[in-house]
$ cat my_file_31.cif   # mmCIF, C-alpha atoms
data_data
#
loop_
_atom_site.label_atom_id
_atom_site.label_comp_id
_atom_site.auth_asym_id
_atom_site.auth_seq_id
_atom_site.Cartn_x
_atom_site.Cartn_y
_atom_site.Cartn_z
CA MET A 1069 -31.43 -16.93 -14.40
CA THR A 1070 -32.06 -13.36 -13.27
CA PRO A 1071 -30.93 -11.83 -9.97
CA SER A 1072 -34.49 -12.12 -8.66
CA ASP A 1073 -34.57 -15.79 -9.64
CA TRP A 1074 -31.45 -16.47 -7.60
CA ARG A 1075 -32.71 -14.45 -4.65
CA ALA A 1076 -35.91 -16.49 -4.71
CA ARG A 1077 -33.86 -19.68 -4.53
CA PHE A 1078 -31.86 -18.36 -1.60
CA ARG A 1079 -35.08 -17.24 0.11
CA ALA A 1080 -36.36 -20.78 -0.33
CA GLY A 1081 -33.34 -22.15 1.49
CA GLU A 1082 -30.69 -22.88 -1.14
CA VAL A 1083 -27.16 -22.19 0.15
CA ARG A 1084 -24.37 -21.76 -2.38
CA GLN A 1085 -21.52 -19.41 -3.19
CA THR A 1086 -22.43 -16.73 -5.71
CA ALA A 1087 -19.22 -16.75 -7.79
CA ALA A 1088 -20.02 -16.81 -11.54
CA LEU A 1089 -23.75 -16.28 -10.97
CA CYS A 1090 -25.61 -13.56 -12.91
CA PRO A 1091 -22.79 -12.06 -15.01
CA GLY A 1092 -23.52 -8.44 -15.82
CA PHE A 1093 -25.05 -7.66 -12.43
CA ALA A 1094 -23.32 -6.26 -9.36
CA GLN A 1095 -22.84 -8.44 -6.33
CA ALA A 1096 -22.51 -6.86 -2.90
CA ASN A 1097 -20.96 -7.54 0.46
CA MET A 1098 -23.48 -6.78 3.19
CA ALA A 1099 -23.18 -5.50 6.74
CA PHE A 1100 -25.98 -4.79 9.21
CA ILE A 1101 -24.77 -2.38 11.87
CA PRO A 1102 -26.64 -1.02 14.93
CA ALA A 1103 -27.71 2.58 14.33
CA ALA A 1104 -25.59 3.84 17.23
CA HIS A 1105 -22.46 2.84 15.28
CA ALA A 1106 -23.69 3.37 11.71
CA ASP A 1107 -22.18 6.82 11.12
CA ASP A 1108 -18.75 5.68 12.30
CA PHE A 1109 -19.05 2.59 10.11
CA GLU A 1110 -19.90 4.70 7.07
CA ALA A 1111 -16.91 6.93 7.86
CA PHE A 1112 -14.73 3.81 7.92
CA LEU A 1113 -16.05 2.68 4.53
CA ARG A 1114 -15.42 6.08 2.99
CA ALA A 1115 -11.90 6.18 4.48
CA ASN A 1116 -11.11 2.82 2.85
CA PRO A 1117 -12.80 3.02 -0.58
CA ALA A 1118 -10.68 0.35 -2.30
CA ALA A 1119 -11.70 -2.31 0.21
CA CYS A 1120 -15.16 -0.97 1.00
CA PRO A 1121 -16.74 0.91 -1.93
CA LEU A 1122 -20.13 1.99 -0.59
CA LEU A 1123 -22.98 1.12 -2.94
CA ALA A 1124 -25.89 1.97 -0.63
CA ARG A 1125 -26.85 2.67 2.98
CA GLY A 1126 -30.30 1.72 4.17
CA ARG A 1127 -32.56 2.96 6.94
CA PRO A 1128 -32.67 1.55 10.47
CA GLY A 1129 -34.95 -1.46 10.63
CA ASP A 1130 -35.71 -1.45 6.90
CA PRO A 1131 -34.64 -4.72 5.20
CA GLY A 1132 -34.73 -3.18 1.73
CA LEU A 1133 -32.38 -1.16 -0.44
CA PRO A 1134 -34.58 0.24 -3.25
CA GLY A 1135 -31.63 1.63 -5.19
CA LEU A 1136 -30.21 -1.87 -5.73
CA GLY A 1137 -33.30 -3.99 -6.24
CA ASP A 1138 -36.54 -5.25 -4.74
CA PHE A 1139 -35.56 -7.62 -1.98
CA ASP A 1140 -35.82 -8.51 1.68
CA LEU A 1141 -32.31 -8.51 3.11
CA ARG A 1142 -33.37 -10.79 5.96
CA HIS A 1143 -33.83 -13.68 3.53
CA ASP A 1144 -32.32 -12.97 0.10
CA LEU A 1145 -28.66 -13.81 0.70
CA PRO A 1146 -27.57 -17.45 0.67
CA LEU A 1147 -25.70 -17.30 4.00
CA TYR A 1148 -25.04 -14.79 6.78
CA ARG A 1149 -22.52 -14.45 9.60
CA VAL A 1150 -23.56 -13.19 13.05
CA PHE A 1151 -21.10 -11.29 15.27
CA GLU A 1152 -21.32 -10.80 19.03
CA ASP A 1153 -18.76 -8.66 20.85
CA GLY A 1154 -16.70 -8.61 17.66
CA THR A 1155 -16.55 -12.40 17.32
CA ALA A 1156 -18.28 -14.45 14.64
CA THR A 1157 -20.62 -16.77 16.55
CA ALA A 1158 -22.96 -18.26 13.93
CA ARG A 1159 -23.60 -18.83 10.23
CA VAL A 1160 -27.30 -18.83 9.35
CA PRO A 1161 -29.30 -19.05 6.09
CA ASP A 1162 -31.55 -16.14 7.03
CA ILE A 1163 -31.62 -13.49 9.74
CA ALA A 1164 -35.33 -13.15 10.48
CA ALA A 1165 -34.75 -14.36 14.04
CA GLN A 1166 -31.79 -12.00 14.54
CA TRP A 1167 -33.35 -8.92 12.93
CA ARG A 1168 -33.59 -5.75 15.03
CA ASP A 1169 -35.29 -2.42 14.45
CA ASP A 1170 -32.00 -0.55 14.86
CA LEU A 1171 -30.00 -2.45 12.23
CA VAL A 1172 -28.76 -0.32 9.32
CA PRO A 1173 -27.95 -2.19 6.08
CA PHE A 1174 -24.79 -1.32 4.16
CA ALA A 1175 -24.04 -2.69 0.69
CA ILE A 1176 -20.38 -2.68 -0.35
CA GLY A 1177 -19.04 -3.51 -3.80
CA CYS A 1178 -17.64 -6.99 -4.50
CA SER A 1179 -14.92 -8.21 -6.86
CA LEU A 1180 -17.11 -11.09 -8.07
CA THR A 1181 -18.82 -8.35 -10.09
CA PHE A 1182 -15.86 -7.85 -12.44
CA GLU A 1183 -14.92 -11.49 -13.05
CA ALA A 1184 -17.22 -11.89 -16.07
CA ASP A 1185 -15.61 -8.84 -17.66
CA LEU A 1186 -12.14 -10.30 -17.08
CA VAL A 1187 -13.17 -13.50 -18.85
CA ALA A 1188 -14.87 -11.58 -21.68
CA ALA A 1189 -11.67 -9.56 -22.19
CA GLY A 1190 -9.67 -12.78 -22.61
CA VAL A 1191 -8.16 -13.22 -19.14
CA THR A 1192 -7.85 -16.89 -18.19
CA LEU A 1193 -9.56 -17.13 -14.80
CA ARG A 1194 -9.62 -20.58 -13.23
CA CYS A 1195 -11.72 -19.40 -10.27
CA HIS A 1196 -14.67 -18.20 -12.36
CA ALA A 1197 -17.07 -21.13 -12.62
CA PRO A 1198 -19.99 -22.52 -10.61
CA GLY A 1199 -18.71 -24.13 -7.45
CA VAL A 1200 -15.28 -22.49 -7.45
CA SER A 1201 -14.17 -19.04 -6.34
CA CYS A 1202 -11.23 -16.80 -5.63
CA SER A 1203 -9.65 -16.99 -2.18
CA ALA A 1204 -9.23 -14.27 0.45
CA PHE A 1205 -6.40 -13.59 2.87
CA ASP A 1206 -5.58 -11.40 5.82
CA THR A 1207 -2.69 -8.99 5.37
CA ALA A 1208 -0.44 -6.87 7.55
CA LEU A 1209 -1.62 -3.65 5.88
CA PRO A 1210 -3.52 -1.42 8.32
CA ASN A 1211 -6.83 0.16 7.37
CA ALA A 1212 -7.49 3.86 7.88
CA PRO A 1213 -9.39 3.93 11.20
CA ALA A 1214 -12.66 5.72 11.86
CA GLY A 1215 -14.23 5.77 15.30
CA PRO A 1216 -13.79 2.30 16.80
CA PHE A 1217 -13.34 0.66 13.38
CA GLY A 1218 -9.89 -0.31 12.13
CA GLY A 1219 -8.13 -3.63 11.66
CA ASN A 1220 -6.08 -4.77 8.67
CA LEU A 1221 -6.86 -5.07 4.99
CA VAL A 1222 -8.21 -8.32 3.58
CA VAL A 1223 -7.42 -9.17 -0.05
CA SER A 1224 -8.86 -11.54 -2.61
CA MET A 1225 -6.40 -13.48 -4.79
CA ARG A 1226 -6.70 -14.74 -8.35
CA ALA A 1227 -4.00 -16.65 -10.22
CA ILE A 1228 -3.54 -14.77 -13.51
CA PRO A 1229 -1.28 -15.79 -16.42
CA GLU A 1230 1.72 -13.48 -16.17
CA ALA A 1231 1.28 -12.13 -19.70
CA GLN A 1232 -2.33 -11.20 -18.92
CA VAL A 1233 -1.71 -9.27 -15.70
CA PRO A 1234 -1.63 -5.84 -17.45
CA LEU A 1235 -4.97 -6.65 -19.08
CA ALA A 1236 -6.46 -7.73 -15.76
CA VAL A 1237 -5.29 -4.47 -14.20
CA ALA A 1238 -6.81 -2.40 -17.00
CA VAL A 1239 -10.17 -4.21 -16.89
CA THR A 1240 -10.59 -4.02 -13.13
CA ARG A 1241 -9.41 -0.42 -12.86
CA ALA A 1242 -12.69 0.49 -14.60
CA HIS A 1243 -14.67 -1.19 -11.77
CA ALA A 1244 -14.11 1.25 -8.93
CA GLN A 1245 -17.43 0.11 -7.40
CA ALA A 1246 -16.01 -3.43 -7.17
CA HIS A 1247 -12.59 -2.67 -5.60
CA GLY A 1248 -10.93 -1.42 -8.79
CA ALA A 1249 -7.36 -2.30 -9.76
CA PRO A 1250 -5.21 -4.75 -7.77
CA VAL A 1251 -3.36 -3.56 -4.71
CA HIS A 1252 -0.46 -6.01 -5.16
CA THR A 1253 0.96 -8.55 -7.60
CA GLY A 1254 3.57 -11.14 -6.77
CA ASP A 1255 5.09 -12.26 -3.46
CA PRO A 1256 2.27 -12.64 -0.89
CA ALA A 1257 4.73 -12.15 1.97
CA ALA A 1258 5.30 -8.56 0.85
CA ILE A 1259 1.81 -7.70 2.15
CA GLY A 1260 1.80 -10.20 5.01
CA ALA A 1261 -0.47 -12.72 3.25
CA ASP A 1262 -0.07 -16.48 3.60
CA LEU A 1263 -1.51 -18.54 0.73
CA SER A 1264 -1.70 -21.59 2.98
CA ARG A 1265 -4.29 -19.82 5.16
CA PRO A 1266 -7.28 -18.71 3.06
CA ILE A 1267 -10.11 -17.16 5.02
CA ASP A 1268 -12.72 -19.82 5.85
CA GLY A 1269 -10.65 -22.28 3.82
CA LEU A 1270 -12.45 -21.15 0.67
CA GLY A 1271 -11.28 -20.68 -2.90
CA LEU A 1272 -8.42 -21.63 -5.19
CA THR A 1273 -4.98 -20.98 -3.72
CA ASP A 1274 -2.59 -22.78 -6.09
CA ILE A 1275 -0.28 -20.85 -8.40
CA ARG A 1276 0.69 -22.77 -11.53
CA PRO A 1277 3.84 -22.23 -13.62
CA GLY A 1278 3.44 -19.10 -15.73
CA GLU A 1279 0.86 -17.57 -13.37
CA ALA A 1280 1.19 -14.70 -10.89
CA PRO A 1281 -0.83 -14.21 -7.72
CA VAL A 1282 -2.78 -10.96 -8.09
CA PHE A 1283 -4.43 -9.37 -5.06
CA TRP A 1284 -7.43 -7.05 -4.89
CA ALA A 1285 -8.79 -5.26 -1.83
CA CYS A 1286 -11.68 -7.32 -0.43
CA GLY A 1287 -14.94 -6.51 1.31
CA VAL A 1288 -14.21 -9.03 4.08
CA THR A 1289 -12.09 -6.14 5.36
CA MET A 1290 -15.27 -4.83 7.00
CA GLU A 1291 -15.46 -8.00 9.11
CA ARG A 1292 -12.01 -7.21 10.48
CA ALA A 1293 -13.22 -3.69 11.26
CA ILE A 1294 -16.23 -5.08 13.14
CA THR A 1295 -13.91 -7.34 15.11
CA ALA A 1296 -11.56 -4.44 15.90
CA ALA A 1297 -14.52 -2.36 17.12
CA ARG A 1298 -15.82 -5.22 19.28
CA LEU A 1299 -19.39 -4.31 18.41
CA PRO A 1300 -21.87 -6.00 20.75
CA PHE A 1301 -23.86 -7.16 17.72
CA ALA A 1302 -23.59 -7.07 13.95
CA ILE A 1303 -24.37 -9.24 10.94
CA THR A 1304 -22.57 -9.64 7.60
CA HIS A 1305 -22.88 -11.91 4.60
CA ALA A 1306 -20.81 -15.07 4.90
CA PRO A 1307 -17.70 -14.73 2.69
CA GLY A 1308 -18.44 -15.84 -0.85
CA HIS A 1309 -22.23 -15.70 -0.32
CA MET A 1310 -23.16 -12.29 -1.67
CA LEU A 1311 -26.28 -10.26 -2.34
CA ILE A 1312 -26.98 -10.43 -6.09
CA THR A 1313 -28.41 -7.02 -6.96
CA ASP A 1314 -30.39 -5.73 -9.94
CA ARG A 1315 -27.74 -3.09 -10.56
CA PRO A 1316 -25.70 -3.39 -13.79
CA ALA A 1317 -22.11 -4.39 -13.13
CA GLY A 1318 -20.72 -1.19 -14.63
CA GLY A 1319 -22.58 1.18 -12.30
CA GLY A 1320 -20.49 3.66 -10.33
CA PRO A 1321 -20.42 4.16 -6.54
CA ARG A 1322 -23.01 6.29 -4.80
#
$ encode --input "my_file_31.cif" --output "structure tokens"
Amino acid sequence: MTPSDWRARFRAGEVRQTAALCPGFAQANMAFIPAAHADDFEAFLRANPAACPLLARGRPGDPGLPGLGDFDLRHDLPLYRVFEDGTATARVPDIAAQWRDDLVPFAIGCSLTFEADLVAAGVTLRCHAPGVSCSAFDTALPNAPAGPFGGNLVVSMRAIPEAQVPLAVAVTRAHAQAHGAPVHTGDPAAIGADLSRPIDGLGLTDIRPGEAPVFWACGVTMERAITAARLPFAITHAPGHMLITDRPAGGGPR
């Protein structure tokens, strides 16, 4: 199925995580930020490029991003998260009812983009299959602040066979638009992560004998920035439920 096929299914009401869907195409974290805060938010993204590689910024009130595909961002993601005063208050399958003329769309690179390349290179990846995904964790590592935006880094974790970690690093380093190389390998406590507390309870968290936990910067970091800023209103994708774009996976950041 093509990216547009999947977007049509999401527009029709199907809700599912996007891990392992449409290999070869970039997936994106999405944030919809009121125009009054959009410049500060972009400054935050650019100050934290590993966690928040900016793929595209849209125009206020325009639910399209022509550089990434032909879609309506109010409907074409499988699930969204609504924030009020910095707190997540709802998960909804579309945002037509919440849409405002001042909302500015931001697309941020996602590590689900590089998983197919890891598998193609020979990395054993248990989290890359329909219905399963990597997990994400809060850390104690502070983000570089910009305006009211700050908070701590969020990371995604994949259990990688120890002998394949150098290969995984090399493959993902080439995907700067999808968080690039890992930020940490090994003891989660060294970065303040707790594998018993995955964000939203999603993803594989077990580490088997002969595997190492490998951590990449994660786009959910922008949710923590929205919370730190206590924005009166904002919308993001729900973790794991990404925008599937028409952009090839190897494309560089804008």
$ resolve_selection --input "my_file_31.cif" --expression "the PyMOL selection byres ((chain A and resi 1074-1080) around 7)" --output "compact mmCIF listing (two decimals) with C-alpha atoms, keeping the file's coordinate frame"
# COMPACT_ATOMS: atom_id res chain seq x y z
CA MET A 1069 -31.43 -16.93 -14.40
CA THR A 1070 -32.06 -13.36 -13.27
CA PRO A 1071 -30.93 -11.83 -9.97
CA SER A 1072 -34.49 -12.12 -8.66
CA ASP A 1073 -34.57 -15.79 -9.64
CA GLY A 1081 -33.34 -22.15 1.49
CA GLU A 1082 -30.69 -22.88 -1.14
CA VAL A 1083 -27.16 -22.19 0.15
CA HIS A 1143 -33.83 -13.68 3.53
CA ASP A 1144 -32.32 -12.97 0.10
CA LEU A 1145 -28.66 -13.81 0.70
CA PRO A 1146 -27.57 -17.45 0.67
$ residues_around --input "my_file_31.cif" --residues "region 1104-1111 of chain A" --least-positions-apart "6" --cutoff "7 Å" --atoms "only C-alpha atoms" --output "short mmCIF file (atom, residue, chain, number, x, y, z; two decimals) with C-alpha atoms, in the frame of the given file"
data_model
loop_
_atom_site.label_atom_id
_atom_site.label_comp_id
_atom_site.auth_asym_id
_atom_site.auth_seq_id
_atom_site.Cartn_x
_atom_site.Cartn_y
_atom_site.Cartn_z
CA VAL A 1172 -28.76 -0.32 9.32
CA ALA A 1214 -12.66 5.72 11.86
CA GLY A 1215 -14.23 5.77 15.30
CA PHE A 1217 -13.34 0.66 13.38
#
$ resolve_selection --input "my_file_31.cif" --expression "the PyMOL selection byres ((chain A and resi 1224-1231) around 8)" --output "PyMOL selection string"
chain A and resi 1191-1195+1202-1205+1222-1223+1232-1234+1236+1272-1276+1278-1286
$ atom_distance --input "my_file_31.cif" --atom1 "CA of Pro1198 (chain A)" --atom2 "CA of Ala1242 (chain A)"
24.5 Å
$ residues_around --input "my_file_31.cif" --residues "Cys1178 (chain A)" --least-positions-apart "6" --cutoff "9 Å" --atoms "all atoms listed in the file" --output "PyMOL selection string"
chain A and resi 1094-1097+1119-1121+1245-1247+1286-1287+1310
$ closest_residue --input "my_file_31.cif" --among "A:Met1290, A:Leu1133, A:Ala1238, A:Ala1306" --to "Ala1212 (chain A)" --atoms "all atoms listed in the file"
A:Met1290
$ resolve_selection --input "my_file_31.cif" --expression "the PyMOL selection byres ((chain A and resi 1149-1152) around 6)" --output "ChimeraX atom specification"
/A:1148,1153-1159,1300-1306
$ atom_distance --input "my_file_31.cif" --atom1 "CA of Gly1271 (chain A)" --atom2 "CA of Gly1308 (chain A)"
8.9 Å
$ atom_distance --input "my_file_31.cif" --atom1 "CA of Arg1142 (chain A)" --atom2 "CA of Ala1164 (chain A)"
5.5 Å
$ residues_around --input "my_file_31.cif" --residues "Asp1314 (chain A)" --least-positions-apart "5" --cutoff "7 Å" --atoms "all atoms listed in the file" --output "mmCIF file with C-alpha atoms, in the coordinates of the input"
data_model
loop_
_atom_site.group_PDB
_atom_site.id
_atom_site.type_symbol
_atom_site.label_atom_id
_atom_site.label_comp_id
_atom_site.auth_asym_id
_atom_site.auth_seq_id
_atom_site.Cartn_x
_atom_site.Cartn_y
_atom_site.Cartn_z
ATOM 1 C CA PRO A 1071 -30.930 -11.830 -9.970
ATOM 2 C CA PHE A 1093 -25.050 -7.660 -12.430
ATOM 3 C CA LEU A 1136 -30.210 -1.870 -5.730
ATOM 4 C CA GLY A 1137 -33.300 -3.990 -6.240
#
$ residues_around --input "my_file_31.cif" --residues "Ala1175 (chain A)" --least-positions-apart "3" --cutoff "7 Å" --atoms "all atoms listed in the file" --output "list in words"
Ala1096, Asn1097, Met1098, Ala1099, Leu1122, Leu1123, Ala1124 and Arg1125 of chain A
$ closest_residue --input "my_file_31.cif" --among "A:Ala1249, A:Ala1317, A:Ile1312, A:Val1288" --to "Phe1139 (chain A)" --atoms "all atoms listed in the file"
A:Ile1312
$ residues_around --input "my_file_31.cif" --residues "Glu1183 (chain A)" --least-positions-apart "4" --cutoff "8 Å" --atoms "only C-alpha atoms" --output "ChimeraX atom specification"
/A:1088,1179,1187,1193,1196
$ closest_residue --input "my_file_31.cif" --among "A:Arg1127, A:Pro1266, A:Ala1118, A:Phe1182" --to "Cys1090 (chain A)" --atoms "all atoms listed in the file"
A:Phe1182
$ closest_residue --input "my_file_31.cif" --among "A:Ile1294, A:Leu1263, A:Ala1115, A:Ala1188" --to "Leu1235 (chain A)" --atoms "only C-alpha atoms"
A:Ala1188
$ axis_aligned_box --input "my_file_31.cif" --around "region 1221-1225 of chain A" --padding-each-side "3 Å" --output "JSON"
{"center_x": -7.6, "center_y": -9.3, "center_z": 0.1, "size_x": 8.5, "size_y": 14.4, "size_z": 15.8}
$ closest_residue --input "my_file_31.cif" --among "A:Ala1297, A:Ala1087, A:Ala1208, A:Val1200" --to "Ala1184 (chain A)" --atoms "only C-alpha atoms"
A:Ala1087
$ decode --input "my_file_31.cif" --residues "region 1262-1298 of chain A" --atoms "N, CA and C atoms" --output "PDB file, in the first residue's frame"
ATOM      1  N   ASP A1262      13.640   4.837  32.706  1.00  0.00           N
ATOM      2  CA  ASP A1262      13.162   3.692  33.479  1.00  0.00           C
ATOM      3  C   ASP A1262      12.393   2.788  32.524  1.00  0.00           C
ATOM      4  N   LEU A1263      12.942   1.619  32.205  1.00  0.00           N
ATOM      5  CA  LEU A1263      12.305   0.741  31.219  1.00  0.00           C
ATOM      6  C   LEU A1263      10.986   0.158  31.700  1.00  0.00           C
ATOM      7  N   SER A1264      10.673   0.310  32.965  1.00  0.00           N
ATOM      8  CA  SER A1264       9.376  -0.155  33.459  1.00  0.00           C
ATOM      9  C   SER A1264       8.284   0.885  33.241  1.00  0.00           C
ATOM     10  N   ARG A1265       8.657   2.055  32.699  1.00  0.00           N
ATOM     11  CA  ARG A1265       7.671   3.133  32.535  1.00  0.00           C
ATOM     12  C   ARG A1265       7.696   3.692  31.110  1.00  0.00           C
ATOM     13  N   PRO A1266       7.320   2.885  30.118  1.00  0.00           N
ATOM     14  CA  PRO A1266       7.261   3.415  28.754  1.00  0.00           C
ATOM     15  C   PRO A1266       6.139   4.445  28.614  1.00  0.00           C
ATOM     16  N   ILE A1267       6.365   5.433  27.803  1.00  0.00           N
ATOM     17  CA  ILE A1267       5.361   6.471  27.581  1.00  0.00           C
ATOM     18  C   ILE A1267       4.116   5.852  26.961  1.00  0.00           C
ATOM     19  N   ASP A1268       2.974   6.128  27.539  1.00  0.00           N
ATOM     20  CA  ASP A1268       1.673   5.597  27.099  1.00  0.00           C
ATOM     21  C   ASP A1268       1.600   4.077  27.194  1.00  0.00           C
ATOM     22  N   GLY A1269       2.583   3.444  27.846  1.00  0.00           N
ATOM     23  CA  GLY A1269       2.567   1.995  27.963  1.00  0.00           C
ATOM     24  C   GLY A1269       2.774   1.266  26.657  1.00  0.00           C
ATOM     25  N   LEU A1270       3.339   1.941  25.654  1.00  0.00           N
ATOM     26  CA  LEU A1270       3.449   1.377  24.311  1.00  0.00           C
ATOM     27  C   LEU A1270       4.832   0.800  24.043  1.00  0.00           C
ATOM     28  N   GLY A1271       4.884  -0.236  23.225  1.00  0.00           N
ATOM     29  CA  GLY A1271       6.139  -0.720  22.674  1.00  0.00           C
ATOM     30  C   GLY A1271       6.808  -1.814  23.486  1.00  0.00           C
ATOM     31  N   LEU A1272       7.796  -2.453  22.837  1.00  0.00           N
ATOM     32  CA  LEU A1272       8.552  -3.521  23.466  1.00  0.00           C
ATOM     33  C   LEU A1272       9.588  -2.941  24.429  1.00  0.00           C
ATOM     34  N   THR A1273       9.649  -3.482  25.615  1.00  0.00           N
ATOM     35  CA  THR A1273      10.573  -2.974  26.631  1.00  0.00           C
ATOM     36  C   THR A1273      11.545  -4.035  27.139  1.00  0.00           C
ATOM     37  N   ASP A1274      11.371  -5.292  26.750  1.00  0.00           N
ATOM     38  CA  ASP A1274      12.219  -6.356  27.296  1.00  0.00           C
ATOM     39  C   ASP A1274      13.560  -6.395  26.579  1.00  0.00           C
ATOM     40  N   ILE A1275      14.603  -6.689  27.358  1.00  0.00           N
ATOM     41  CA  ILE A1275      15.959  -6.852  26.833  1.00  0.00           C
ATOM     42  C   ILE A1275      16.359  -8.298  27.046  1.00  0.00           C
ATOM     43  N   ARG A1276      16.598  -9.028  25.966  1.00  0.00           N
ATOM     44  CA  ARG A1276      16.921 -10.444  26.050  1.00  0.00           C
ATOM     45  C   ARG A1276      18.425 -10.641  26.176  1.00  0.00           C
ATOM     46  N   PRO A1277      18.862 -11.799  26.653  1.00  0.00           N
ATOM     47  CA  PRO A1277      20.304 -12.071  26.729  1.00  0.00           C
ATOM     48  C   PRO A1277      20.971 -11.871  25.370  1.00  0.00           C
ATOM     49  N   GLY A1278      22.108 -11.180  25.378  1.00  0.00           N
ATOM     50  CA  GLY A1278      22.821 -10.886  24.138  1.00  0.00           C
ATOM     51  C   GLY A1278      22.380  -9.631  23.439  1.00  0.00           C
ATOM     52  N   GLU A1279      21.365  -8.927  23.993  1.00  0.00           N
ATOM     53  CA  GLU A1279      20.900  -7.668  23.419  1.00  0.00           C
ATOM     54  C   GLU A1279      21.338  -6.486  24.288  1.00  0.00           C
ATOM     55  N   ALA A1280      21.389  -5.318  23.686  1.00  0.00           N
ATOM     56  CA  ALA A1280      21.660  -4.072  24.403  1.00  0.00           C
ATOM     57  C   ALA A1280      20.515  -3.103  24.148  1.00  0.00           C
ATOM     58  N   PRO A1281      20.100  -2.344  25.157  1.00  0.00           N
ATOM     59  CA  PRO A1281      19.130  -1.286  24.907  1.00  0.00           C
ATOM     60  C   PRO A1281      19.825  -0.099  24.227  1.00  0.00           C
ATOM     61  N   VAL A1282      19.294   0.320  23.095  1.00  0.00           N
ATOM     62  CA  VAL A1282      19.884   1.417  22.332  1.00  0.00           C
ATOM     63  C   VAL A1282      18.829   2.526  22.234  1.00  0.00           C
ATOM     64  N   PHE A1283      19.250   3.748  22.520  1.00  0.00           N
ATOM     65  CA  PHE A1283      18.316   4.862  22.668  1.00  0.00           C
ATOM     66  C   PHE A1283      18.579   5.938  21.610  1.00  0.00           C
ATOM     67  N   TRP A1284      17.504   6.341  20.945  1.00  0.00           N
ATOM     68  CA  TRP A1284      17.568   7.446  19.989  1.00  0.00           C
ATOM     69  C   TRP A1284      16.737   8.615  20.518  1.00  0.00           C
ATOM     70  N   ALA A1285      17.140   9.835  20.197  1.00  0.00           N
ATOM     71  CA  ALA A1285      16.298  10.988  20.499  1.00  0.00           C
ATOM     72  C   ALA A1285      14.949  10.798  19.819  1.00  0.00           C
ATOM     73  N   CYS A1286      13.882  11.273  20.448  1.00  0.00           N
ATOM     74  CA  CYS A1286      12.516  10.977  20.003  1.00  0.00           C
ATOM     75  C   CYS A1286      11.693  12.252  19.870  1.00  0.00           C
ATOM     76  N   GLY A1287      10.822  12.265  18.864  1.00  0.00           N
ATOM     77  CA  GLY A1287       9.995  13.438  18.615  1.00  0.00           C
ATOM     78  C   GLY A1287       8.959  13.720  19.687  1.00  0.00           C
ATOM     79  N   VAL A1288       8.672  12.754  20.569  1.00  0.00           N
ATOM     80  CA  VAL A1288       7.761  13.039  21.677  1.00  0.00           C
ATOM     81  C   VAL A1288       8.352  14.115  22.587  1.00  0.00           C
ATOM     82  N   THR A1289       9.644  14.383  22.422  1.00  0.00           N
ATOM     83  CA  THR A1289      10.282  15.497  23.129  1.00  0.00           C
ATOM     84  C   THR A1289       9.479  16.786  22.971  1.00  0.00           C
ATOM     85  N   MET A1290       8.888  16.996  21.797  1.00  0.00           N
ATOM     86  CA  MET A1290       8.151  18.248  21.580  1.00  0.00           C
ATOM     87  C   MET A1290       6.910  18.314  22.463  1.00  0.00           C
ATOM     88  N   GLU A1291       6.338  17.156  22.834  1.00  0.00           N
ATOM     89  CA  GLU A1291       5.222  17.180  23.772  1.00  0.00           C
ATOM     90  C   GLU A1291       5.682  17.707  25.129  1.00  0.00           C
ATOM     91  N   ARG A1292       6.862  17.290  25.549  1.00  0.00           N
ATOM     92  CA  ARG A1292       7.374  17.772  26.832  1.00  0.00           C
ATOM     93  C   ARG A1292       7.637  19.280  26.777  1.00  0.00           C
ATOM     94  N   ALA A1293       8.046  19.764  25.606  1.00  0.00           N
ATOM     95  CA  ALA A1293       8.255  21.207  25.444  1.00  0.00           C
ATOM     96  C   ALA A1293       6.933  21.964  25.512  1.00  0.00           C
ATOM     97  N   ILE A1294       5.886  21.403  24.917  1.00  0.00           N
ATOM     98  CA  ILE A1294       4.558  22.024  24.981  1.00  0.00           C
ATOM     99  C   ILE A1294       4.059  22.064  26.417  1.00  0.00           C
ATOM    100  N   THR A1295       4.301  20.984  27.150  1.00  0.00           N
ATOM    101  CA  THR A1295       3.910  20.946  28.558  1.00  0.00           C
ATOM    102  C   THR A1295       4.682  21.984  29.365  1.00  0.00           C
ATOM    103  N   ALA A1296       6.003  22.080  29.117  1.00  0.00           N
ATOM    104  CA  ALA A1296       6.817  23.056  29.842  1.00  0.00           C
ATOM    105  C   ALA A1296       6.358  24.483  29.564  1.00  0.00           C
ATOM    106  N   ALA A1297       5.916  24.736  28.332  1.00  0.00           N
ATOM    107  CA  ALA A1297       5.485  26.089  27.948  1.00  0.00           C
ATOM    108  C   ALA A1297       4.086  26.402  28.442  1.00  0.00           C
ATOM    109  N   ARG A1298       3.343  25.381  28.858  1.00  0.00           N
ATOM    110  CA  ARG A1298       1.957  25.548  29.297  1.00  0.00           C
ATOM    111  C   ARG A1298       1.133  26.315  28.252  1.00  0.00           C
TER     112      ARG A1298
END
